[in-house]
$ cat run10.txt   # compact mmCIF, C-alpha atoms and all ligand atoms
# COMPACT_ATOMS: atom_id res chain seq x y z
CA VAL A 1 88.92 87.21 99.30
CA ILE A 2 92.05 85.46 100.53
CA ARG A 3 94.96 83.93 98.68
CA ILE A 4 94.17 80.51 97.22
CA ARG A 5 96.83 77.90 96.62
CA LYS A 6 95.65 75.35 94.10
CA PRO A 7 97.67 72.16 93.69
CA LYS A 8 100.11 72.58 90.76
CA ARG A 9 98.86 69.45 89.07
CA ALA A 10 95.43 69.83 87.48
CA PRO A 11 92.87 67.03 87.86
CA LYS A 12 93.43 64.41 85.15
CA VAL A 13 90.11 65.02 83.40
CA LEU A 14 91.29 68.51 82.41
CA HIS A 15 94.42 67.07 80.83
CA THR A 16 92.65 64.39 78.90
CA HIS A 17 89.10 65.44 77.99
CA GLY A 18 89.79 69.11 78.60
CA LYS A 19 92.66 69.24 76.17
CA ARG A 20 90.65 67.54 73.43
CA LYS A 21 87.63 69.78 74.04
CA THR A 22 89.82 72.88 73.86
CA GLN A 23 91.18 71.77 70.50
CA GLU A 24 87.60 71.23 69.30
CA LEU A 25 86.67 74.77 70.39
CA GLN A 26 89.67 76.22 68.58
CA THR A 27 88.72 74.31 65.42
CA GLU A 28 85.13 75.57 65.68
CA VAL A 29 86.26 79.18 66.03
CA LYS A 30 88.66 78.87 63.10
CA ARG A 31 86.01 77.28 60.91
CA ALA A 32 83.41 79.92 61.76
CA ARG A 33 85.88 82.75 61.13
CA GLN A 34 86.94 81.31 57.78
CA GLY A 35 83.34 80.79 56.77
CA GLY A 36 82.38 84.27 57.98
CA VAL A 37 79.58 82.83 60.12
CA GLU A 38 78.60 83.45 63.71
CA ILE A 39 80.68 81.61 66.28
CA VAL A 40 78.51 79.29 68.34
CA LEU A 41 80.42 77.39 70.98
CA HIS A 42 79.43 74.54 73.23
CA PHE A 43 81.06 74.13 76.60
CA ASP A 44 80.97 70.88 78.52
CA PRO A 45 80.32 71.21 82.27
CA ALA A 46 80.81 67.44 82.59
CA VAL A 47 84.51 68.20 82.07
CA TYR A 48 85.22 71.62 83.64
CA ALA A 49 82.84 71.01 86.54
CA HIS A 50 83.70 67.30 86.82
CA ARG A 51 83.48 65.93 90.35
CA ASP A 52 87.28 65.63 90.53
CA VAL A 53 87.71 69.29 89.57
CA LYS A 54 85.11 70.46 92.06
CA THR A 55 86.57 68.32 94.83
CA ALA A 56 90.12 69.53 94.20
CA LEU A 57 89.04 73.18 94.13
CA SER A 58 86.82 72.85 97.17
CA LYS A 59 89.68 71.26 99.08
CA ALA A 60 92.14 73.99 98.10
CA GLN A 61 89.57 76.60 99.11
CA HIS A 62 88.51 74.87 102.36
CA GLY A 63 84.93 74.57 101.08
CA LYS A 64 84.64 78.35 100.80
CA CYS A 65 83.62 80.55 97.89
CA ALA A 66 86.74 81.96 96.20
CA PHE A 67 85.36 85.49 96.37
CA CYS A 68 82.99 86.03 99.31
CA GLU A 69 84.57 83.38 101.59
CA SER A 70 81.21 81.90 102.59
CA LYS A 71 81.19 78.19 103.34
CA ILE A 72 79.23 76.57 100.55
CA LEU A 73 78.90 72.85 100.95
CA HIS A 74 76.41 72.70 103.83
CA ILE A 75 73.80 74.59 101.80
CA SER A 76 74.56 73.86 98.15
CA HIS A 77 76.85 71.97 95.79
CA GLY A 78 78.62 75.11 94.66
CA ASP A 79 79.62 76.04 91.13
CA VAL A 80 82.83 75.83 89.19
CA GLU A 81 83.43 79.35 87.98
CA HIS A 82 85.62 80.68 85.17
CA PHE A 83 87.76 83.61 86.23
CA ARG A 84 88.04 84.77 82.62
CA PRO A 85 84.54 84.30 81.18
CA LYS A 86 84.39 81.62 78.50
CA LYS A 87 81.41 82.72 76.45
CA GLY A 88 81.96 86.46 76.14
CA PHE A 89 82.98 89.49 78.17
CA ARG A 90 82.00 93.02 79.05
CA GLN A 91 84.36 95.80 80.01
CA HIS A 92 81.43 97.68 81.59
CA ALA A 93 78.24 96.20 82.99
CA ASN A 94 76.03 98.25 80.64
CA GLU A 95 77.73 97.37 77.35
CA PRO A 96 76.70 94.50 75.08
CA LEU A 97 78.43 91.14 75.40
CA SER A 98 81.52 90.76 73.21
CA THR A 99 81.97 87.25 71.89
CA PRO A 100 83.75 84.93 71.81
CA GLY A 101 85.17 85.12 75.31
CA TYR A 102 88.15 83.27 76.70
CA TYR A 103 86.91 79.97 75.29
CA TRP A 104 90.42 78.50 75.23
CA LEU A 105 90.47 78.75 79.04
CA THR A 106 87.21 76.82 79.51
CA TYR A 107 89.08 73.75 80.72
CA ALA A 108 92.19 75.45 82.08
CA TRP A 109 92.97 74.70 85.72
CA ILE A 110 94.35 78.17 86.29
CA ASN A 111 91.04 79.72 85.22
CA LEU A 112 88.76 77.70 87.51
CA TYR A 113 87.46 78.43 91.00
CA PHE A 114 84.93 76.99 93.38
CA CYS A 115 82.30 79.61 93.93
CA CYS A 116 78.93 80.23 95.60
CA GLN A 117 75.85 80.63 93.42
CA ILE A 118 75.48 84.33 94.13
CA CYS A 119 79.06 85.29 93.28
CA ASN A 120 78.79 83.03 90.26
CA GLN A 121 75.69 84.80 89.01
CA ARG A 122 77.44 88.14 89.23
CA HIS A 123 80.23 86.63 87.22
CA LYS A 124 77.77 85.13 84.77
CA LYS A 125 77.08 88.61 83.53
CA SER A 126 80.52 88.14 82.02
CA LEU A 127 81.89 91.34 83.44
CA PHE A 128 85.65 91.19 83.09
CA PRO A 129 87.14 94.68 83.11
CA LEU A 130 90.77 95.33 82.22
CA ALA A 131 92.92 98.28 83.25
CA ASP A 132 93.49 98.84 79.52
CA ALA A 133 90.60 97.52 77.44
CA SER A 134 92.65 97.80 74.24
CA ALA A 135 95.02 95.11 75.57
CA ARG A 136 92.25 92.52 75.63
CA ALA A 137 93.56 89.05 74.72
CA ARG A 138 91.68 87.47 71.84
CA SER A 139 93.91 84.40 71.75
CA PRO A 140 96.03 82.40 74.22
CA ARG A 141 99.20 84.24 73.17
CA ASN A 142 98.25 87.60 74.65
CA VAL A 143 96.74 86.64 78.00
CA ALA A 144 99.93 87.37 79.92
CA ARG A 145 99.86 90.98 78.75
CA GLU A 146 96.37 91.64 80.08
CA LYS A 147 95.89 93.52 83.32
CA PRO A 148 92.56 92.36 84.76
CA LEU A 149 90.92 94.62 87.31
CA PHE A 150 89.40 91.70 89.19
CA ILE A 151 91.75 90.15 91.71
CA ASP A 152 92.76 86.62 90.79
CA PRO A 153 92.95 84.86 94.17
CA SER A 154 95.62 82.36 93.13
CA LEU A 155 97.87 84.83 91.29
CA ASP A 156 97.41 88.07 93.19
CA ASP A 157 97.68 88.91 96.86
CA PRO A 158 94.13 90.01 97.75
CA SER A 159 95.30 91.52 101.05
CA ALA A 160 97.28 94.13 99.10
CA HIS A 161 94.05 95.44 97.57
CA ILE A 162 91.17 94.77 99.95
CA THR A 163 90.78 95.19 103.68
CA PHE A 164 87.80 95.55 106.00
CA HIS A 165 86.45 98.40 108.03
CA GLY A 166 84.28 96.53 110.47
CA GLU A 167 82.12 94.24 108.34
CA PHE A 168 82.59 96.27 105.14
CA ALA A 169 85.10 95.43 102.45
CA VAL A 170 87.11 98.48 101.34
CA ALA A 171 89.79 99.07 98.72
CA ILE A 172 93.19 99.77 100.25
CA ASN A 173 94.33 103.33 99.39
CA GLY A 174 91.67 103.43 96.72
CA SER A 175 93.19 100.43 94.87
CA PRO A 176 91.36 100.27 91.51
CA ARG A 177 91.63 96.49 91.54
CA GLY A 178 90.24 96.29 95.07
CA ALA A 179 87.41 98.64 94.15
CA ALA A 180 86.58 96.78 90.92
CA THR A 181 86.51 93.44 92.74
CA ILE A 182 84.34 94.70 95.60
CA ASP A 183 81.99 96.39 93.17
CA GLY A 184 81.90 93.72 90.44
CA LEU A 185 81.27 90.86 92.85
CA GLN A 186 79.20 92.98 95.22
CA LEU A 187 81.24 91.95 98.21
CA ASN A 188 79.24 94.39 100.32
CA ARG A 189 75.84 92.94 99.39
CA ARG A 190 73.40 93.26 102.25
CA GLU A 191 73.04 89.60 103.23
CA LEU A 192 76.78 89.07 103.20
CA VAL A 193 77.42 92.16 105.30
CA GLU A 194 74.81 90.97 107.82
CA GLU A 195 76.47 87.57 108.03
CA ARG A 196 79.88 89.14 108.52
CA ARG A 197 78.53 91.50 111.18
CA GLN A 198 77.41 88.52 113.28
CA TRP A 199 80.91 87.09 113.12
CA LEU A 200 82.40 90.42 113.91
CA ASP A 201 80.17 91.01 116.95
CA ALA A 202 81.19 87.63 118.37
CA MET A 203 84.87 88.32 117.71
CA ARG A 204 84.73 91.75 119.31
CA PHE A 205 83.10 90.24 122.36
CA LEU A 206 85.85 87.64 122.60
CA LEU A 207 88.55 90.28 122.16
CA LYS A 208 87.05 92.27 124.99
CA PHE A 209 86.89 89.15 127.12
CA ARG A 210 90.50 88.37 126.29
CA ALA A 211 91.58 91.88 127.27
CA ASP A 212 89.73 91.52 130.58
CA LEU A 213 91.38 88.20 131.34
CA GLU A 214 94.77 89.67 130.50
CA ASP A 215 94.12 92.59 132.85
CA TRP A 216 92.96 90.45 135.71
CA ARG A 217 96.12 88.30 135.56
CA ARG A 218 94.46 85.59 137.60
CA PRO A 219 96.34 82.29 137.46
CA GLU A 220 93.06 80.36 137.25
CA ASP A 221 92.26 82.14 133.95
CA ARG A 222 95.42 81.06 132.21
CA GLU A 223 93.89 78.06 130.48
CA GLU A 224 90.83 80.01 129.38
CA LEU A 225 93.04 82.75 128.00
CA GLU A 226 95.06 80.26 126.00
CA ARG A 227 91.86 78.79 124.54
CA LEU A 228 90.63 82.24 123.60
CA ARG A 229 93.89 83.08 121.85
CA ARG A 230 93.75 79.85 119.89
CA TYR A 231 90.14 80.46 118.93
CA LEU A 232 90.83 83.98 117.71
CA ALA A 233 93.87 82.85 115.73
CA GLY A 234 91.69 80.11 114.21
CA ALA A 235 89.13 82.67 113.05
CA ALA A 236 91.83 84.27 110.91
CA ALA A 237 93.07 80.98 109.45
CA ASP A 238 92.50 80.12 105.78
CA GLN A 239 89.84 77.54 106.55
CA SER A 240 87.59 79.94 108.48
CA GLU A 241 84.71 81.84 106.96
CA TYR A 242 85.46 85.54 106.37
CA ALA A 243 89.11 85.10 107.37
CA ALA A 244 90.10 88.30 105.54
CA MET A 245 87.76 90.29 107.77
CA ALA A 246 89.04 88.55 110.91
CA ARG A 247 92.63 89.35 109.87
CA ALA A 248 91.77 93.00 109.38
CA LEU A 249 90.12 93.12 112.81
CA LEU A 250 92.99 91.39 114.60
CA SER A 251 95.65 93.46 112.88
CA THR A 252 94.09 96.69 114.11
CA ARG A 253 94.16 95.52 117.71
CA VAL A 254 97.09 95.58 120.07
CA HIS A 255 97.99 92.01 120.96
ZN ZN A 301 80.54 83.86 97.02

$ encode --input "run10.txt" --output "structure tokens"
Amino acid sequence: VIRIRKPKRAPKVLHTHGKRKTQELQTEVKRARQGGVEIVLHFDPAVYAHRDVKTALSKAQHGKCAFCESKILHISHGDVEHFRPKKGFRQHANEPLSTPGYYWLTYAWINLYFCCQICNQRHKKSLFPLADASARARSPRNVAREKPLFIDPSLDDPSAHITFHGEFAVAINGSPRGAATIDGLQLNRRELVEERRQWLDAMRFLLKFRADLEDWRRPEDREELERLRRYLAGAAADQSEYAAMARALLSTRVH
């Protein structure tokens, strides 16, 4: 997970259609509550996952999943994911779904991320733990008071909570938010760890090569050394896959 900077202005479709659809949801909830009947809500992916929304998110996230940092677009279309689950939520994975969820954030720009199918499916279980479950927001008014355990990549600084030991994500100083995010999104799932290990092996090889070139101090290597430095810096840049891991690796080395 790295910090994500979304454009301040939401795609137009969220302002227009999204606003109207949110009002409809609020009316539905009110009506059901007054009538004492079950709340059944309909969410419209044609609006929250509209092409403009997906494109804007994908651009802000450099085509990477907001959580696992895998590049998505060359293998799938990717999903638009709700940070706060719209349909219902669970504080713990083994408890029944509480409904309604954060329906009023279904079309809210701040609540949307571009996400790979696997991270999205984890999220689909509607797990959304809070530090204090009794402070759960049941209406837009109280959201600011909530303390989610999952790291919100555009509000929080993920690097304060999660680092990497080799290819494994770990919570910094036992950060409960780091731990909940790693665990809830399974950021150490086997396939992902294997993928990261391949990157890591290549980076370690290049670091070793760089150290050798620096030791040799041969003038003819100067250009090669410069290219290597640029390449390694690039691996830690926002647009690179698994940049958080690359940053952790580079920060533990002497430059
Ligand atoms: Zn992912």

$ residues_around --input "run10.txt" --residues "Asn111 of chain A" --least-positions-apart "6" --cutoff "7 Å" --atoms "only C-alpha atoms" --output "PDB file with C-alpha atoms, in the coordinates of the input"
ATOM      1  CA  HIS A  82      85.620  80.680  85.170  1.00  0.00           C
ATOM      2  CA  PHE A  83      87.760  83.610  86.230  1.00  0.00           C
ATOM      3  CA  ARG A  84      88.040  84.770  82.620  1.00  0.00           C
ATOM      4  CA  LEU A 105      90.470  78.750  79.040  1.00  0.00           C
TER       5      LEU A 105
END

$ residues_around --input "run10.txt" --residues "Tyr107 of chain A" --least-positions-apart "3" --cutoff "7 Å" --atoms "only C-alpha atoms" --output "compact mmCIF listing (two decimals) with C-alpha atoms, in the coordinates of the input"
# COMPACT_ATOMS: atom_id res chain seq x y z
CA LEU A 14 91.29 68.51 82.41
CA GLY A 18 89.79 69.11 78.60
CA THR A 22 89.82 72.88 73.86
CA TYR A 48 85.22 71.62 83.64

$ residues_near_ligand --input "run10.txt" --ligand "ligand ZN 301 (chain A)" --cutoff "9 Å" --atoms "all atoms listed in the file" --output "ChimeraX atom specification"
/A:64-72,114-120,185,187,192

$ closest_residue --input "run10.txt" --among "A:His165, A:Asp201, A:Lys59, A:Gly178" --to "Ser251 of chain A" --atoms "all atoms listed in the file"
A:His165

$ residues_around --input "run10.txt" --residues "Ile4 of chain A" --least-positions-apart "6" --cutoff "10 Å" --atoms "all atoms listed in the file" --output "ChimeraX atom specification"
/A:57,60-62,66,113,152-158,238

$ write_last_selection --input "run10.txt" --atoms "C-alpha atoms" --output "CSV table (one decimal), in the coordinates of the input"
chain,number,residue,atom,x,y,z
A,57,LEU,CA,89.0,73.2,94.1
A,60,ALA,CA,92.1,74.0,98.1
A,61,GLN,CA,89.6,76.6,99.1
A,62,HIS,CA,88.5,74.9,102.4
A,66,ALA,CA,86.7,82.0,96.2
A,113,TYR,CA,87.5,78.4,91.0
A,152,ASP,CA,92.8,86.6,90.8
A,153,PRO,CA,93.0,84.9,94.2
A,154,SER,CA,95.6,82.4,93.1
A,155,LEU,CA,97.9,84.8,91.3
A,156,ASP,CA,97.4,88.1,93.2
A,157,ASP,CA,97.7,88.9,96.9
A,158,PRO,CA,94.1,90.0,97.8
A,238,ASP,CA,92.5,80.1,105.8

$ residues_around --input "run10.txt" --residues "segment 88-102 of chain A" --least-positions-apart "4" --cutoff "10 Å" --atoms "all atoms listed in the file" --output "list in words"
Val29, Glu38, Ile39, Val40, Leu41, His82, Phe83, Arg84, Thr106, Asn111, His123, Lys124, Lys125, Ser126, Leu127, Phe128, Pro129, Leu130, Ala131, Asp132, Ala133, Arg136, Ala137, Arg138, Ser139, Pro140, Val143, Leu149 and Gly184 of chain A

$ write_last_selection --input "run10.txt" --atoms "C-alpha atoms" --output "PDB file, in the frame of the given file"
ATOM      1  CA  VAL A  29      86.260  79.180  66.030  1.00  0.00           C
ATOM      2  CA  GLU A  38      78.600  83.450  63.710  1.00  0.00           C
ATOM      3  CA  ILE A  39      80.680  81.610  66.280  1.00  0.00           C
ATOM      4  CA  VAL A  40      78.510  79.290  68.340  1.00  0.00           C
ATOM      5  CA  LEU A  41      80.420  77.390  70.980  1.00  0.00           C
ATOM      6  CA  HIS A  82      85.620  80.680  85.170  1.00  0.00           C
ATOM      7  CA  PHE A  83      87.760  83.610  86.230  1.00  0.00           C
ATOM      8  CA  ARG A  84      88.040  84.770  82.620  1.00  0.00           C
ATOM      9  CA  THR A 106      87.210  76.820  79.510  1.00  0.00           C
ATOM     10  CA  ASN A 111      91.040  79.720  85.220  1.00  0.00           C
ATOM     11  CA  HIS A 123      80.230  86.630  87.220  1.00  0.00           C
ATOM     12  CA  LYS A 124      77.770  85.130  84.770  1.00  0.00           C
ATOM     13  CA  LYS A 125      77.080  88.610  83.530  1.00  0.00           C
ATOM     14  CA  SER A 126      80.520  88.140  82.020  1.00  0.00           C
ATOM     15  CA  LEU A 127      81.890  91.340  83.440  1.00  0.00           C
ATOM     16  CA  PHE A 128      85.650  91.190  83.090  1.00  0.00           C
ATOM     17  CA  PRO A 129      87.140  94.680  83.110  1.00  0.00           C
ATOM     18  CA  LEU A 130      90.770  95.330  82.220  1.00  0.00           C
ATOM     19  CA  ALA A 131      92.920  98.280  83.250  1.00  0.00           C
ATOM     20  CA  ASP A 132      93.490  98.840  79.520  1.00  0.00           C
ATOM     21  CA  ALA A 133      90.600  97.520  77.440  1.00  0.00           C
ATOM     22  CA  ARG A 136      92.250  92.520  75.630  1.00  0.00           C
ATOM     23  CA  ALA A 137      93.560  89.050  74.720  1.00  0.00           C
ATOM     24  CA  ARG A 138      91.680  87.470  71.840  1.00  0.00           C
ATOM     25  CA  SER A 139      93.910  84.400  71.750  1.00  0.00           C
ATOM     26  CA  PRO A 140      96.030  82.400  74.220  1.00  0.00           C
ATOM     27  CA  VAL A 143      96.740  86.640  78.000  1.00  0.00           C
ATOM     28  CA  LEU A 149      90.920  94.620  87.310  1.00  0.00           C
ATOM     29  CA  GLY A 184      81.900  93.720  90.440  1.00  0.00           C
TER      30      GLY A 184
END

$ closest_residue --input "run10.txt" --among "A:Lys87, A:Gln121, A:Trp104, A:Lys21" --to "Arg141 of chain A" --atoms "all atoms listed in the file"
A:Trp104

$ atom_distance --input "run10.txt" --atom1 "atom CA of Ile2 of chain A" --atom2 "atom CA of Ala246 of chain A"
11.2 Å

$ decode --input "run10.txt" --residues "segment 206-218 of chain A" --atoms "all heavy atoms" --output "mmCIF file, in the first residue's frame"
data_model
loop_
_atom_site.group_PDB
_atom_site.id
_atom_site.type_symbol
_atom_site.label_atom_id
_atom_site.label_comp_id
_atom_site.auth_asym_id
_atom_site.auth_seq_id
_atom_site.Cartn_x
_atom_site.Cartn_y
_atom_site.Cartn_z
ATOM 1 N N LEU A 206 20.679 -6.352 -8.480
ATOM 2 C CA LEU A 206 21.121 -5.054 -9.003
ATOM 3 C C LEU A 206 21.855 -4.231 -7.939
ATOM 4 O O LEU A 206 22.815 -3.525 -8.241
ATOM 5 C CB LEU A 206 19.919 -4.270 -9.553
ATOM 6 C CG LEU A 206 19.287 -4.873 -10.810
ATOM 7 C CD1 LEU A 206 18.040 -4.104 -11.204
ATOM 8 C CD2 LEU A 206 20.290 -4.879 -11.965
ATOM 9 N N LEU A 207 21.393 -4.347 -6.697
ATOM 10 C CA LEU A 207 22.082 -3.631 -5.611
ATOM 11 C C LEU A 207 23.509 -4.148 -5.430
ATOM 12 O O LEU A 207 24.442 -3.382 -5.195
ATOM 13 C CB LEU A 207 21.298 -3.797 -4.298
ATOM 14 C CG LEU A 207 20.066 -2.905 -4.136
ATOM 15 C CD1 LEU A 207 19.210 -3.379 -2.972
ATOM 16 C CD2 LEU A 207 20.489 -1.451 -3.916
ATOM 17 N N LYS A 208 23.637 -5.446 -5.553
ATOM 18 C CA LYS A 208 24.955 -6.064 -5.425
ATOM 19 C C LYS A 208 25.857 -5.579 -6.565
ATOM 20 O O LYS A 208 27.004 -5.213 -6.359
ATOM 21 C CB LYS A 208 24.772 -7.594 -5.449
ATOM 22 C CG LYS A 208 26.005 -8.431 -5.639
ATOM 23 C CD LYS A 208 26.700 -8.693 -4.298
ATOM 24 C CE LYS A 208 27.916 -9.594 -4.419
ATOM 25 N NZ LYS A 208 28.957 -9.066 -5.292
ATOM 26 N N PHE A 209 25.271 -5.564 -7.756
ATOM 27 C CA PHE A 209 25.998 -5.125 -8.939
ATOM 28 C C PHE A 209 26.416 -3.657 -8.778
ATOM 29 O O PHE A 209 27.538 -3.268 -9.084
ATOM 30 C CB PHE A 209 25.110 -5.318 -10.168
ATOM 31 C CG PHE A 209 25.786 -5.084 -11.477
ATOM 32 C CD1 PHE A 209 27.115 -5.451 -11.678
ATOM 33 C CD2 PHE A 209 25.093 -4.504 -12.529
ATOM 34 C CE1 PHE A 209 27.740 -5.238 -12.898
ATOM 35 C CE2 PHE A 209 25.710 -4.279 -13.749
ATOM 36 C CZ PHE A 209 27.029 -4.650 -13.930
ATOM 37 N N ARG A 210 25.494 -2.859 -8.253
ATOM 38 C CA ARG A 210 25.801 -1.453 -8.038
ATOM 39 C C ARG A 210 26.969 -1.295 -7.056
ATOM 40 O O ARG A 210 27.896 -0.518 -7.286
ATOM 41 C CB ARG A 210 24.568 -0.710 -7.489
ATOM 42 C CG ARG A 210 24.781 0.790 -7.386
ATOM 43 C CD ARG A 210 23.592 1.492 -6.772
ATOM 44 N NE ARG A 210 23.487 1.202 -5.331
ATOM 45 C CZ ARG A 210 22.554 1.733 -4.529
ATOM 46 N NH1 ARG A 210 21.631 2.531 -5.025
ATOM 47 N NH2 ARG A 210 22.538 1.434 -3.251
ATOM 48 N N ALA A 211 26.909 -2.071 -5.976
ATOM 49 C CA ALA A 211 27.979 -1.996 -4.969
ATOM 50 C C ALA A 211 29.321 -2.379 -5.587
ATOM 51 O O ALA A 211 30.345 -1.741 -5.328
ATOM 52 C CB ALA A 211 27.636 -2.909 -3.798
ATOM 53 N N ASP A 212 29.298 -3.414 -6.451
ATOM 54 C CA ASP A 212 30.539 -3.825 -7.118
ATOM 55 C C ASP A 212 31.085 -2.700 -7.987
ATOM 56 O O ASP A 212 32.271 -2.369 -7.916
ATOM 57 C CB ASP A 212 30.284 -5.067 -7.989
ATOM 58 C CG ASP A 212 30.065 -6.314 -7.139
ATOM 59 O OD1 ASP A 212 30.392 -6.269 -5.928
ATOM 60 O OD2 ASP A 212 29.562 -7.310 -7.677
ATOM 61 N N LEU A 213 30.203 -2.124 -8.781
ATOM 62 C CA LEU A 213 30.646 -1.040 -9.673
ATOM 63 C C LEU A 213 31.216 0.121 -8.866
ATOM 64 O O LEU A 213 32.207 0.747 -9.249
ATOM 65 C CB LEU A 213 29.483 -0.545 -10.547
ATOM 66 C CG LEU A 213 28.979 -1.487 -11.639
ATOM 67 C CD1 LEU A 213 27.859 -0.822 -12.439
ATOM 68 C CD2 LEU A 213 30.109 -1.883 -12.601
ATOM 69 N N GLU A 214 30.565 0.417 -7.740
ATOM 70 C CA GLU A 214 31.041 1.521 -6.906
ATOM 71 C C GLU A 214 32.428 1.213 -6.336
ATOM 72 O O GLU A 214 33.288 2.084 -6.258
ATOM 73 C CB GLU A 214 30.039 1.806 -5.777
ATOM 74 C CG GLU A 214 28.845 2.630 -6.269
ATOM 75 C CD GLU A 214 27.672 2.650 -5.298
ATOM 76 O OE1 GLU A 214 27.659 1.861 -4.337
ATOM 77 O OE2 GLU A 214 26.744 3.454 -5.532
ATOM 78 N N ASP A 215 32.635 -0.062 -5.986
ATOM 79 C CA ASP A 215 33.933 -0.469 -5.444
ATOM 80 C C ASP A 215 35.034 -0.392 -6.491
ATOM 81 O O ASP A 215 36.149 0.018 -6.206
ATOM 82 C CB ASP A 215 33.865 -1.910 -4.923
ATOM 83 C CG ASP A 215 33.179 -1.973 -3.575
ATOM 84 O OD1 ASP A 215 32.971 -0.896 -2.978
ATOM 85 O OD2 ASP A 215 32.833 -3.083 -3.133
ATOM 86 N N TRP A 216 34.685 -0.845 -7.677
ATOM 87 C CA TRP A 216 35.714 -0.913 -8.725
ATOM 88 C C TRP A 216 36.201 0.468 -9.136
ATOM 89 O O TRP A 216 37.337 0.649 -9.545
ATOM 90 C CB TRP A 216 35.186 -1.670 -9.953
ATOM 91 C CG TRP A 216 34.885 -3.096 -9.661
ATOM 92 C CD1 TRP A 216 35.380 -3.844 -8.628
ATOM 93 C CD2 TRP A 216 34.008 -3.963 -10.380
ATOM 94 N NE1 TRP A 216 34.862 -5.118 -8.665
ATOM 95 C CE2 TRP A 216 34.024 -5.230 -9.741
ATOM 96 C CE3 TRP A 216 33.204 -3.814 -11.525
ATOM 97 C CZ2 TRP A 216 33.278 -6.305 -10.180
ATOM 98 C CZ3 TRP A 216 32.459 -4.887 -11.982
ATOM 99 C CH2 TRP A 216 32.502 -6.123 -11.302
ATOM 100 N N ARG A 217 35.311 1.455 -9.063
ATOM 101 C CA ARG A 217 35.654 2.846 -9.419
ATOM 102 C C ARG A 217 36.305 2.941 -10.797
ATOM 103 O O ARG A 217 37.257 3.701 -10.991
ATOM 104 C CB ARG A 217 36.627 3.435 -8.385
ATOM 105 C CG ARG A 217 36.026 3.598 -7.012
ATOM 106 C CD ARG A 217 37.117 3.865 -6.002
ATOM 107 N NE ARG A 217 36.585 3.895 -4.646
ATOM 108 C CZ ARG A 217 36.124 5.000 -4.062
ATOM 109 N NH1 ARG A 217 36.100 6.132 -4.682
ATOM 110 N NH2 ARG A 217 35.656 4.948 -2.822
ATOM 111 N N ARG A 218 35.803 2.167 -11.729
ATOM 112 C CA ARG A 218 36.387 2.264 -13.073
ATOM 113 C C ARG A 218 35.660 3.348 -13.853
ATOM 114 O O ARG A 218 34.417 3.347 -13.882
ATOM 115 C CB ARG A 218 36.253 0.920 -13.793
ATOM 116 C CG ARG A 218 37.049 -0.194 -13.123
ATOM 117 C CD ARG A 218 37.053 -1.438 -13.963
ATOM 118 N NE ARG A 218 35.712 -1.794 -14.423
ATOM 119 C CZ ARG A 218 35.362 -3.035 -14.795
ATOM 120 N NH1 ARG A 218 36.265 -4.006 -14.748
ATOM 121 N NH2 ARG A 218 34.152 -3.299 -15.215
#
